[in-house]
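These notes are about the structure you will find just below.
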Amino acid sequence: MSETLVQIKNLSVDFSTDNGTVNAVKGISFDIPKGKTVGLVGESGSGKSVTSLSVMKLIPNPPGKISSGEIIFEGKNLVAASEAQMRKIRGKKISMIFQEPMTSLNPVFTVGDQIAETLMLHEGLSKDDALDKAIDLMDQVGIPDPKTRYKAYPHEMSGGQRQRVMIAMAIACSPDLLIADEPTTALDVTIQKQILELLADLQKKYGMSILFITHDLGVIADIADSVVVMYRGDIVEQNTTEAIFTNPQHPYTKGLLACRPRLDKNPERLPTVSDFMTPDGKEKHNPDADKLVEKAFRPITDDQEVLLEVKNLKMHFPLQKGFFGGVKSWVKAVDDVSIKVRKGRTLGLVGESGCGKTTLGRSVLRLIEPTSGNVIYKDQDITELSKSEMREMRKKMQIIFQDPYASLNPRMSVGAAIMEPMVIHNIGASKEERLELAGDLIEKCGLPREVLNRYPHEFSGGQRQRICIARALAVKPEFIICDESVSALDVSVQAQILNLLLDLQEEFQLTYIFISHDLAVVKYIADELVVMNKGKVVEMADCVSIYKNPKEDYTRKLLDAIPKGIPKTLASTL
């Protein structure tokens, strides 16, 4: 039996709001053993990040406060510790990797200086010694050429490299406890796999305990020894990872396990948490949730109508300019790509960050002008259209962006946002008619009409994505590009949005290009798959063929990186 490092006893955290007090965490208790990994899982708003911030005593006060309970670390109650005592603990004894490294790193200091600062503060090292140790740490976390890269600024590094810098800072003082708050959520599956392996290796090397927070139980299986499941501020289940995966007890846990797309099954609809549980937390006895009907395979044939064809498309960006203004080198973001999108079907576009998939999607819609090549839509070459002709064409072609909050105007109500494209494209004879259409659309996307008077900040991420889908449908398009439109969502919300996209495709006979780095999601929604790497298409076929028999090493690498959802105690026996 492992010795306990941290004991959380009856912890409650409250936040004061204009509408009264919100109980974000409601009297929870669990232990973190020495040298082990505890997975803390649940949807957004379940209280898991608030719990982790409480351990660091980083709850903003006001409006938040730890209203009761104890957090025992090395025999001391951290809840009663002074700010001066906590400063000595944070970074040295307990470290944290935050979800979004770009907002956690200071943009005006080099990454080497930021790692060195931790060492100078807690270890008392000189600047030179601290920089030497920073370079060594960057090497340990797998950043290439650390002797050069330590001089880089955060914006000069990729998302995966920035996350590695955060890990280097977190392990700089060999902490006893490392808190990892959604450290892989927005990363490619290949980078995610590397980060998970890195954390496991560092844990062995330093004997750290890890509190790993995520909404994805597939990731938890790969790394955690035990799991704590949170729902609306309460712990609904905690057990060993093996027990949680092989014999879940609570309907919420069952729902979370079921709603992630899997490579070995392809149901007609993805189950969601609501299939297993009522809104008040009672179990639903729904036998159909376990007996999911397999989606019928719809083969791709040459005689199917092609709605859109991309021919030899190139999108090159100037990288270096010479002394007299000439371009010395180019980034070939999209390099001679040719694809066909068949009417009423979904083409999945996958690859790691930087492979060119988003650039290709935006070039197709001429949101950025391609360098060369042709985009044929219903026998019309849209690369030759004028701006006014292209504006008219956009009634037929729409896009759903990755970040719904960034793509909605915060000063515009939901109703106004959905009606704006109707006004631009002269849909609806009057404001009342457009409002009626907007209400119909928002209801089709699973939200009540009353939300039309509210503003984007009043909604969750999944609800905002539904609003963006309703807005894309406002001009009655035939073709929609979904650009990483579910990658930042909880797995349960992701399942709801994927089901919604399929329902809408059937109802309106829509054609999709679905862009994602998550091959399990793409396998669920797409008929055909295009794999991109470094601006080029490396493999293209129907989904079943690629998943059963990938031809390229790069495709195999992407498939191997997907979390299998098998607890590590069982993985070794398979």
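Going through the structure tokens in order, the chains are called A, B, and so on, while each chain numbers its residues from 1 and the ligands are numbered from 1 in the order shown.
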
Give me, as a PyMOL selection string, all polymer residues having an atom no more than 12 Å from A:Lys76, counting only C-alpha atoms and skipping those fewer than 3 positions away in the same chain. chain A and resi 5-8+70-73+79-82+85-86+89

Let's have the selection written as an mmCIF file, in the first residue's frame, with C-alpha atoms.
```
data_model
loop_
_atom_site.group_PDB
_atom_site.id
_atom_site.type_symbol
_atom_site.label_atom_id
_atom_site.label_comp_id
_atom_site.auth_asym_id
_atom_site.auth_seq_id
_atom_site.Cartn_x
_atom_site.Cartn_y
_atom_site.Cartn_z
ATOM 1 C CA LEU A 5 1.296 12.390 0.048
ATOM 2 C CA VAL A 6 -1.825 14.610 0.032
ATOM 3 C CA GLN A 7 -5.117 14.169 1.868
ATOM 4 C CA ILE A 8 -8.082 16.255 0.750
ATOM 5 C CA GLU A 70 -8.528 20.570 4.895
ATOM 6 C CA ILE A 71 -5.716 19.849 2.449
ATOM 7 C CA ILE A 72 -3.032 17.959 4.371
ATOM 8 C CA PHE A 73 0.450 18.003 2.782
ATOM 9 C CA VAL A 79 -5.865 25.772 3.804
ATOM 10 C CA ALA A 80 -4.520 27.468 6.951
ATOM 11 C CA ALA A 81 -1.083 28.310 5.426
ATOM 12 C CA SER A 82 -0.093 31.951 4.929
ATOM 13 C CA GLN A 85 4.377 29.831 3.344
ATOM 14 C CA MET A 86 2.563 28.950 0.097
ATOM 15 C CA ILE A 89 5.690 25.445 -1.510
#
```

Pick out the residues sitting within 9 Å of A:Ile300, and hand them over as a PyMOL selection string; count only C-alpha atoms, and ignore anything fewer than 5 positions along from it in its own chain. chain A and resi 342+527-528+541-542

Run DSSP on the backbone and grab whatever in stretch 165-307 of chain A lands in alpha helix (DSSP H); send it over as a VMD selection string. chain A and resid 165 to 171 189 to 206 217 to 223 241 to 246 251 to 258

Nearest to A:Leu199 among A:Leu58, A:Ala152, A:Ile97, A:Ile32, with distances taken over only C-alpha atoms: which residue is it?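 Among the listed residues, A:Ile97 lies closest to A:Leu199.
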
Measuring atom to atom with only C-alpha atoms, identify which of A:Val228, A:Ile94, A:Met157, A:Cys355 is nearest to A:Val537.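 Comparing A:Val228, A:Ile94, A:Met157, A:Cys355 against A:Val537, the winner is A:Cys355.
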
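The protein and nucleic acid residues lying at most 8 Å from A:Gly218 are Ala221, Asp222, Leu257, Arg260, Pro563, Lys564, Gly565 and Ile566 of chain A, with only C-alpha atoms considered and sequence neighbours fewer than 3 positions away removed.
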
Identify all residues of stretch 99-305 of chain A in strand (DSSP E or B) (DSSP on the backbone) and supply them as a PyMOL selection string. chain A and resi 177-181+209-214+226-231+234-240+267+277+283+294

Prev. selection, C-alpha atoms, output as a PDB file, in the first residue's frame:
```
ATOM      1  CA  LEU A 177       3.390  16.675  -6.472  1.00  0.00           C
ATOM      2  CA  LEU A 178       2.836  17.659 -10.094  1.00  0.00           C
ATOM      3  CA  ILE A 179      -0.663  18.889 -10.984  1.00  0.00           C
ATOM      4  CA  ALA A 180      -1.358  18.568 -14.727  1.00  0.00           C
ATOM      5  CA  ASP A 181      -4.535  20.473 -15.665  1.00  0.00           C
ATOM      6  CA  SER A 209       2.954  12.049  -7.473  1.00  0.00           C
ATOM      7  CA  ILE A 210       0.762  13.354 -10.296  1.00  0.00           C
ATOM      8  CA  LEU A 211      -2.774  14.724 -10.163  1.00  0.00           C
ATOM      9  CA  PHE A 212      -3.845  14.475 -13.820  1.00  0.00           C
ATOM     10  CA  ILE A 213      -6.985  16.424 -14.742  1.00  0.00           C
ATOM     11  CA  THR A 214      -8.883  15.720 -17.956  1.00  0.00           C
ATOM     12  CA  SER A 226      -6.655   5.469  -9.763  1.00  0.00           C
ATOM     13  CA  VAL A 227      -9.530   7.686 -10.897  1.00  0.00           C
ATOM     14  CA  VAL A 228     -11.745  10.230  -9.145  1.00  0.00           C
ATOM     15  CA  VAL A 229     -14.905  11.100 -11.139  1.00  0.00           C
ATOM     16  CA  MET A 230     -16.494  14.506 -10.453  1.00  0.00           C
ATOM     17  CA  TYR A 231     -19.959  15.733 -11.432  1.00  0.00           C
ATOM     18  CA  ASP A 234     -19.356  16.198  -6.102  1.00  0.00           C
ATOM     19  CA  ILE A 235     -17.294  13.026  -6.344  1.00  0.00           C
ATOM     20  CA  VAL A 236     -19.659  10.386  -7.757  1.00  0.00           C
ATOM     21  CA  GLU A 237     -17.144   7.536  -7.978  1.00  0.00           C
ATOM     22  CA  GLN A 238     -13.499   6.777  -7.144  1.00  0.00           C
ATOM     23  CA  ASN A 239     -11.599   3.536  -7.603  1.00  0.00           C
ATOM     24  CA  THR A 240      -8.580   1.981  -9.302  1.00  0.00           C
ATOM     25  CA  PRO A 267     -22.398   3.160 -34.106  1.00  0.00           C
ATOM     26  CA  MET A 277     -28.474   9.536 -16.502  1.00  0.00           C
ATOM     27  CA  GLU A 283     -29.662   6.212 -13.541  1.00  0.00           C
ATOM     28  CA  GLU A 294     -23.449  -0.361 -36.225  1.00  0.00           C
TER      29      GLU A 294
END
```
